[in-house]
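Encoded as structure tokens, the structure appears first; notes follow it.
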Amino acid sequence: MQITPFEMKKFLSLITFVFFLEQGNAQQASIPPMTDSMASTSDSMAMPHDSIKVKSTKPPYEHQIKIGMDISRLAFNGMYPSRQSYEFQADYLLRNELYVNVEAGFGKGKVDYSFLKYQTNSFFLKAGVQRTLVSRISPKDFDVVFVGAGYGIGIGKRTEATYHVASAFGGSSDGIIAPQNFVVHWGELMAGIRVEFLPRVFAGWTVRGKFLLNSGIFKELSPNFIAGYGKGDKATSFDFNFYLCYALRWGKTE
Amino acid sequence: MAWGMAACEPETPECYEPDHITTNLNFIKKQVDTVHIVDSTTGMSRDSLVITFPDTFMKSPSAYSLQNSNNVSIMAQPNSASVAVLMNPDSNAIAYRVQYDSTVFEADTITIYYKPSLHFISNACGYTYYYRIDSVNGTRNVLDSVFILNDAVTNEASTRHIGLYFFQ
């Protein structure tokens with residue numbers, strides 16, 4: 001089979017056309033899609049004295065605040081009469097699956113042993129964030145499994161303390177420790193769950209480890225109980241809470 | 001009481017930290033050994049005396065406080081290298097008759113001078129007294145000398161506080 005010069009020229013022209021066609025497609029594919037900013041830039045180049053602002057709209061969102069009470073405190077108050085406290089919490093769900101959490105409460109402690117006697121009164125505030133571990137299956141799903149971290153401050157007062165130290169030699173010494181006002185700070189790491197078992201009604205627990213940041217303030221006597229923290233003579237504390245919460249919601253889901 | 005639940009808090013809490021603070025009197029015997037050394041290159045030999053002060057285990061040591069009243073008697077475990085004695089927080093000095101073997105009446109009197117200081121242990125244990133030893137002296141019936149090894153008497157039970165040195 002012989003190829004004439006005309007056919008050869010026609011074939012090369014076809015190859016050249018296909019090559020340039022492919023080059024053109026490749027260049028078009030490498031151009032990023034035009035964005036709002038580029039569009040506004042080209043517009044502003046065309047009309048230098050006008051500016052176009054593109055306002056992004058947030059998707060519909062149902063806001064939620066949960067308000068709850070730690071009902072496990074009621075049981076603890078019964079089991080440990082020397083440590084009485086009441087604790088409350090509220091949290092707000094942000095769009096990025098983070099909860100902002102605040103807690104508050106108050107309580108009192110009482111030491112009434114033969115060798116030591118005093119009382120404490122205190123209240124606390126806590127703030128923290130909680131990260132959800134499981135994605136919501138729908139905008140109506142508010143069940144949550146979380147880990148979080150927070151900060152707590154406790155303010156209180158210890159009454160005058162009386163002590164008694166027995167001696168093996170028959171004597172004993174009794175004394176008085178002056179009252180003390182105190183402010184303690186601590187950090188917390190926590191994990192827990194909340195389940196909506198009735199419409200807008202949640203139950204769930206939180207476990208937490210607490211780390212006292214200024215335990216050195218108790219030089220003479222560490223209080224047996226600081227509301228929100230626990231035993232004042234321990235630099236670390238572990239706690240369990242069981243909350244019953246009610247959710248307030250507003251906004252649209254769609 | 002909430003929900004009729006029984007309180008599970010004891011009236012007197014368990015104290016898991018030592019609240020009886022003791023001062024350890026350690027028996028230390030001077031030990032002299034002769035070491036025969038031969039130089040490997042010259043072949044010459046010489047004798048050297050090596051003196052060590054190891055803790056010495058006594059057969060049945062005991063201590064008896066010598067106060068005006070309310071004295072305490074302390075018996076250490078047989079074959080102990082120390083005896084732990086109590087201090088009196090109502091006083092700044094205390095004397096003990098220390099017997100190294102309770103079956104043989106050979107004893108010395110040790111007098112310890114100290115300052116007590118109130119120390120908070122915990123809410124479950126309450127307060128106790130720590131001590132700072134100022135000085136110590138003793139008779140020389142069996143004893144050669146007595147020294148303060150560590151002047152801080154706290155709830156560290158293993159600390160050696162006072163050394164009783166024997167030369168025989």
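Naming scheme: A, B, ... for chains in displayed order of the structure tokens; residues 1 onward per chain; ligands 1 onward as shown.
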Could I get the residues of chain A with an atom no further than 12 Å from an atom of chain B, each paired with its nearest atom pair and that distance in Å to one decimal, using only C-alpha atoms, sorted by chain and residue number, as a Markdown table?
| residue | atom | partner | partner_atom | distance |
| --- | --- | --- | --- | --- |
| A:Ile71 | CA | B:Ala2 | CA | 10.8 |
| A:Ser72 | CA | B:Ala2 | CA | 10.6 |
| A:Arg73 | CA | B:Ala2 | CA | 9.7 |
| A:Leu74 | CA | B:Ala2 | CA | 6.1 |
| A:Ala75 | CA | B:Ala2 | CA | 6.2 |
| A:Phe76 | CA | B:Ala2 | CA | 8.5 |
| A:Asn77 | CA | B:Ala2 | CA | 6.9 |
| A:Gly78 | CA | B:Ala2 | CA | 4.8 |
| A:Met79 | CA | B:Ala7 | CA | 3.9 |
| A:Tyr80 | CA | B:Glu9 | CA | 5.6 |
| A:Pro81 | CA | B:Ala7 | CA | 7.0 |
| A:Ser82 | CA | B:Glu9 | CA | 8.2 |
| A:Arg83 | CA | B:Glu9 | CA | 10.1 |
| A:Gln84 | CA | B:Ala2 | CA | 11.0 |
| A:Gly109 | CA | B:Asn123 | CA | 11.6 |
| A:Lys110 | CA | B:Asn123 | CA | 10.6 |
| A:Val111 | CA | B:Asn123 | CA | 7.8 |
| A:Asp112 | CA | B:Glu11 | CA | 8.3 |
| A:Tyr113 | CA | B:Thr12 | CA | 6.3 |
| A:Ser114 | CA | B:Thr12 | CA | 8.1 |
| A:Phe115 | CA | B:Gly126 | CA | 6.2 |
| A:Leu116 | CA | B:Gly126 | CA | 6.1 |
| A:Lys117 | CA | B:Asn123 | CA | 9.5 |
| A:Tyr118 | CA | B:Asn123 | CA | 10.3 |
| A:Gln119 | CA | B:Asn123 | CA | 11.8 |
| A:Ala161 | CA | B:Gly126 | CA | 10.9 |
| A:Thr162 | CA | B:Gly126 | CA | 10.2 |
| A:Tyr163 | CA | B:Tyr127 | CA | 7.1 |
| A:His164 | CA | B:Tyr127 | CA | 7.5 |
| A:Val165 | CA | B:Thr128 | CA | 6.2 |
| A:Ala166 | CA | B:Thr128 | CA | 8.5 |
| A:Ser167 | CA | B:Asn88 | CA | 7.0 |
| A:Ala168 | CA | B:Val72 | CA | 7.6 |
| A:Phe169 | CA | B:Asn70 | CA | 5.2 |
| A:Gly170 | CA | B:Asn70 | CA | 6.1 |
| A:Gly171 | CA | B:Asp90 | CA | 7.4 |
| A:Ser172 | CA | B:Asp90 | CA | 7.9 |
| A:Ser173 | CA | B:Asp90 | CA | 7.7 |
| A:Asp174 | CA | B:Tyr127 | CA | 10.1 |
| A:Gly175 | CA | B:Leu118 | CA | 9.9 |
| A:Ile176 | CA | B:Tyr127 | CA | 11.5 |
| A:Ile177 | CA | B:Phe120 | CA | 10.7 |
| A:Phe218 | CA | B:Phe120 | CA | 10.0 |
| A:Lys219 | CA | B:Phe120 | CA | 8.4 |
| A:Glu220 | CA | B:Phe120 | CA | 6.4 |
| A:Leu221 | CA | B:Phe120 | CA | 6.3 |
| A:Ser222 | CA | B:Ser122 | CA | 7.5 |
| A:Pro223 | CA | B:Asn123 | CA | 7.6 |
| A:Asn224 | CA | B:Asn123 | CA | 6.2 |
| A:Phe225 | CA | B:Asn123 | CA | 10.0 |
| A:Lys231 | CA | B:Asn123 | CA | 9.2 |
| A:Gly232 | CA | B:Asn123 | CA | 9.3 |
| A:Asp233 | CA | B:Ser122 | CA | 6.6 |
| A:Lys234 | CA | B:Ser122 | CA | 9.2 |
#### Entry: Contact residues around region 128-133 of chain A with only C-alpha atoms at 10 Å, ignoring same-chain residues under 6 positions, as a list in words
Asp91, Tyr92, Leu93, Asn96, Glu97, Leu98, Tyr99, Val100, Asn101, Val102, Glu103, Asp143, Val144, Val145, Phe146, Val147, Gly148, Ala149, Gly150, Tyr151, Gly152, Gly187, Glu188, Leu189, Met190, Ala191, Gly192 and Ile193 of chain A
### Task
Give me the residues within 9 Å of Gly163 (chain B) as a list in words, counting only C-alpha atoms and dropping any in the same chain fewer than 2 places off.
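In the requested form, the answer reads Asn24, Leu25, Asn26, Phe27, Ile28, Ser145, Val146, Phe147, Ile148, Leu149, Arg160, His161 and Tyr165 of chain B.
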### Query
Quick one: residues within 10 Å of Phe124 (chain A), only C-alpha atoms counted, chain neighbours fewer than 6 positions away excluded, as a PyMOL selection string?
chain A and resi 87+103-107+152-156+183-185+226-229
Please produce a file of the residues just selected, as a PDB file, in the first residue's frame, where the atoms kept are C-alpha atoms.
ATOM      1  CA  GLU A  87     -24.762  21.213  91.380  1.00  0.00           C
ATOM      2  CA  GLU A 103     -21.672  24.700  85.862  1.00  0.00           C
ATOM      3  CA  ALA A 104     -22.421  26.204  89.231  1.00  0.00           C
ATOM      4  CA  GLY A 105     -23.249  24.961  92.689  1.00  0.00           C
ATOM      5  CA  PHE A 106     -22.800  25.311  96.394  1.00  0.00           C
ATOM      6  CA  GLY A 107     -22.228  23.113  99.379  1.00  0.00           C
ATOM      7  CA  GLY A 152     -13.214  25.625  87.939  1.00  0.00           C
ATOM      8  CA  ILE A 153     -13.025  28.201  90.683  1.00  0.00           C
ATOM      9  CA  GLY A 154     -14.271  27.600  94.199  1.00  0.00           C
ATOM     10  CA  ILE A 155     -14.758  30.260  96.840  1.00  0.00           C
ATOM     11  CA  GLY A 156     -15.414  29.417 100.443  1.00  0.00           C
ATOM     12  CA  VAL A 183     -10.242  30.692  96.631  1.00  0.00           C
ATOM     13  CA  VAL A 184      -9.140  27.569  94.796  1.00  0.00           C
ATOM     14  CA  HIS A 185      -8.652  26.936  91.095  1.00  0.00           C
ATOM     15  CA  ILE A 226     -14.900  22.158  98.563  1.00  0.00           C
ATOM     16  CA  ALA A 227     -18.112  22.258  96.518  1.00  0.00           C
ATOM     17  CA  GLY A 228     -17.415  21.364  92.891  1.00  0.00           C
ATOM     18  CA  TYR A 229     -13.970  19.956  93.648  1.00  0.00           C
TER      19      TYR A 229
END
### Message
Set the distance at 6 Å and use only C-alpha atoms: which residues neighbour region 92-98 of chain B once local chain neighbours fewer than 4 positions away are removed? I'd like the list as number ranges by chain.
### Response
B: 62-66, 107-115
Let me see the file: selected residues, C-alpha atoms, as a PDB file, in the first residue's frame.
ATOM      1  CA  SER B  62      14.870  -1.794 124.308  1.00  0.00           C
ATOM      2  CA  ALA B  63      14.355   1.761 125.524  1.00  0.00           C
ATOM      3  CA  TYR B  64      12.638   3.099 128.625  1.00  0.00           C
ATOM      4  CA  SER B  65      11.754   6.753 129.034  1.00  0.00           C
ATOM      5  CA  LEU B  66      13.010   8.514 132.154  1.00  0.00           C
ATOM      6  CA  ALA B 107      22.633   0.362 129.334  1.00  0.00           C
ATOM      7  CA  ASP B 108      23.258   4.005 128.540  1.00  0.00           C
ATOM      8  CA  THR B 109      21.083   7.030 129.030  1.00  0.00           C
ATOM      9  CA  ILE B 110      20.432   9.088 125.908  1.00  0.00           C
ATOM     10  CA  THR B 111      19.003  12.589 126.266  1.00  0.00           C
ATOM     11  CA  ILE B 112      17.472  14.235 123.213  1.00  0.00           C
ATOM     12  CA  TYR B 113      16.780  17.982 123.045  1.00  0.00           C
ATOM     13  CA  TYR B 114      14.259  19.066 120.421  1.00  0.00           C
ATOM     14  CA  LYS B 115      11.585  21.507 119.322  1.00  0.00           C
TER      15      LYS B 115
END
### Query
Neighbours of region 43-58 of chain B within 9 Å (only C-alpha atoms; same-chain residues fewer than 5 positions away dropped), as a ChimeraX atom specification?
/B:26-38,78-82,100-101,165
Please produce an output containing C-alpha atoms for each residue in the selection, written as a PDB file, in the first residue's frame.
ATOM      1  CA  ASN B  26      20.545   3.451 115.182  1.00  0.00           C
ATOM      2  CA  PHE B  27      23.251   1.157 116.536  1.00  0.00           C
ATOM      3  CA  ILE B  28      26.537   1.612 114.717  1.00  0.00           C
ATOM      4  CA  LYS B  29      29.615  -0.378 115.628  1.00  0.00           C
ATOM      5  CA  LYS B  30      33.135   0.603 114.717  1.00  0.00           C
ATOM      6  CA  GLN B  31      34.614  -2.225 112.732  1.00  0.00           C
ATOM      7  CA  VAL B  32      38.375  -2.397 112.119  1.00  0.00           C
ATOM      8  CA  ASP B  33      39.704  -4.830 109.529  1.00  0.00           C
ATOM      9  CA  THR B  34      43.308  -5.490 108.536  1.00  0.00           C
ATOM     10  CA  VAL B  35      43.755  -5.826 104.818  1.00  0.00           C
ATOM     11  CA  HIS B  36      46.877  -7.554 103.465  1.00  0.00           C
ATOM     12  CA  ILE B  37      47.767  -6.114 100.078  1.00  0.00           C
ATOM     13  CA  VAL B  38      50.468  -7.540  97.760  1.00  0.00           C
ATOM     14  CA  PRO B  78      15.007  -9.054 118.205  1.00  0.00           C
ATOM     15  CA  ASN B  79      18.136  -8.537 116.098  1.00  0.00           C
ATOM     16  CA  SER B  80      17.297  -4.960 115.215  1.00  0.00           C
ATOM     17  CA  ALA B  81      19.744  -2.286 114.154  1.00  0.00           C
ATOM     18  CA  SER B  82      17.615   0.458 115.690  1.00  0.00           C
ATOM     19  CA  TYR B 100      21.242  -3.120 123.874  1.00  0.00           C
ATOM     20  CA  ASP B 101      20.408  -6.614 125.039  1.00  0.00           C
ATOM     21  CA  TYR B 165      28.437   4.435 118.105  1.00  0.00           C
TER      22      TYR B 165
END
### Task
Just the alpha helix (DSSP H) stuff from region 68-193 of chain A, please, per backbone DSSP, written as a PyMOL selection string.
chain A and resi 72-79
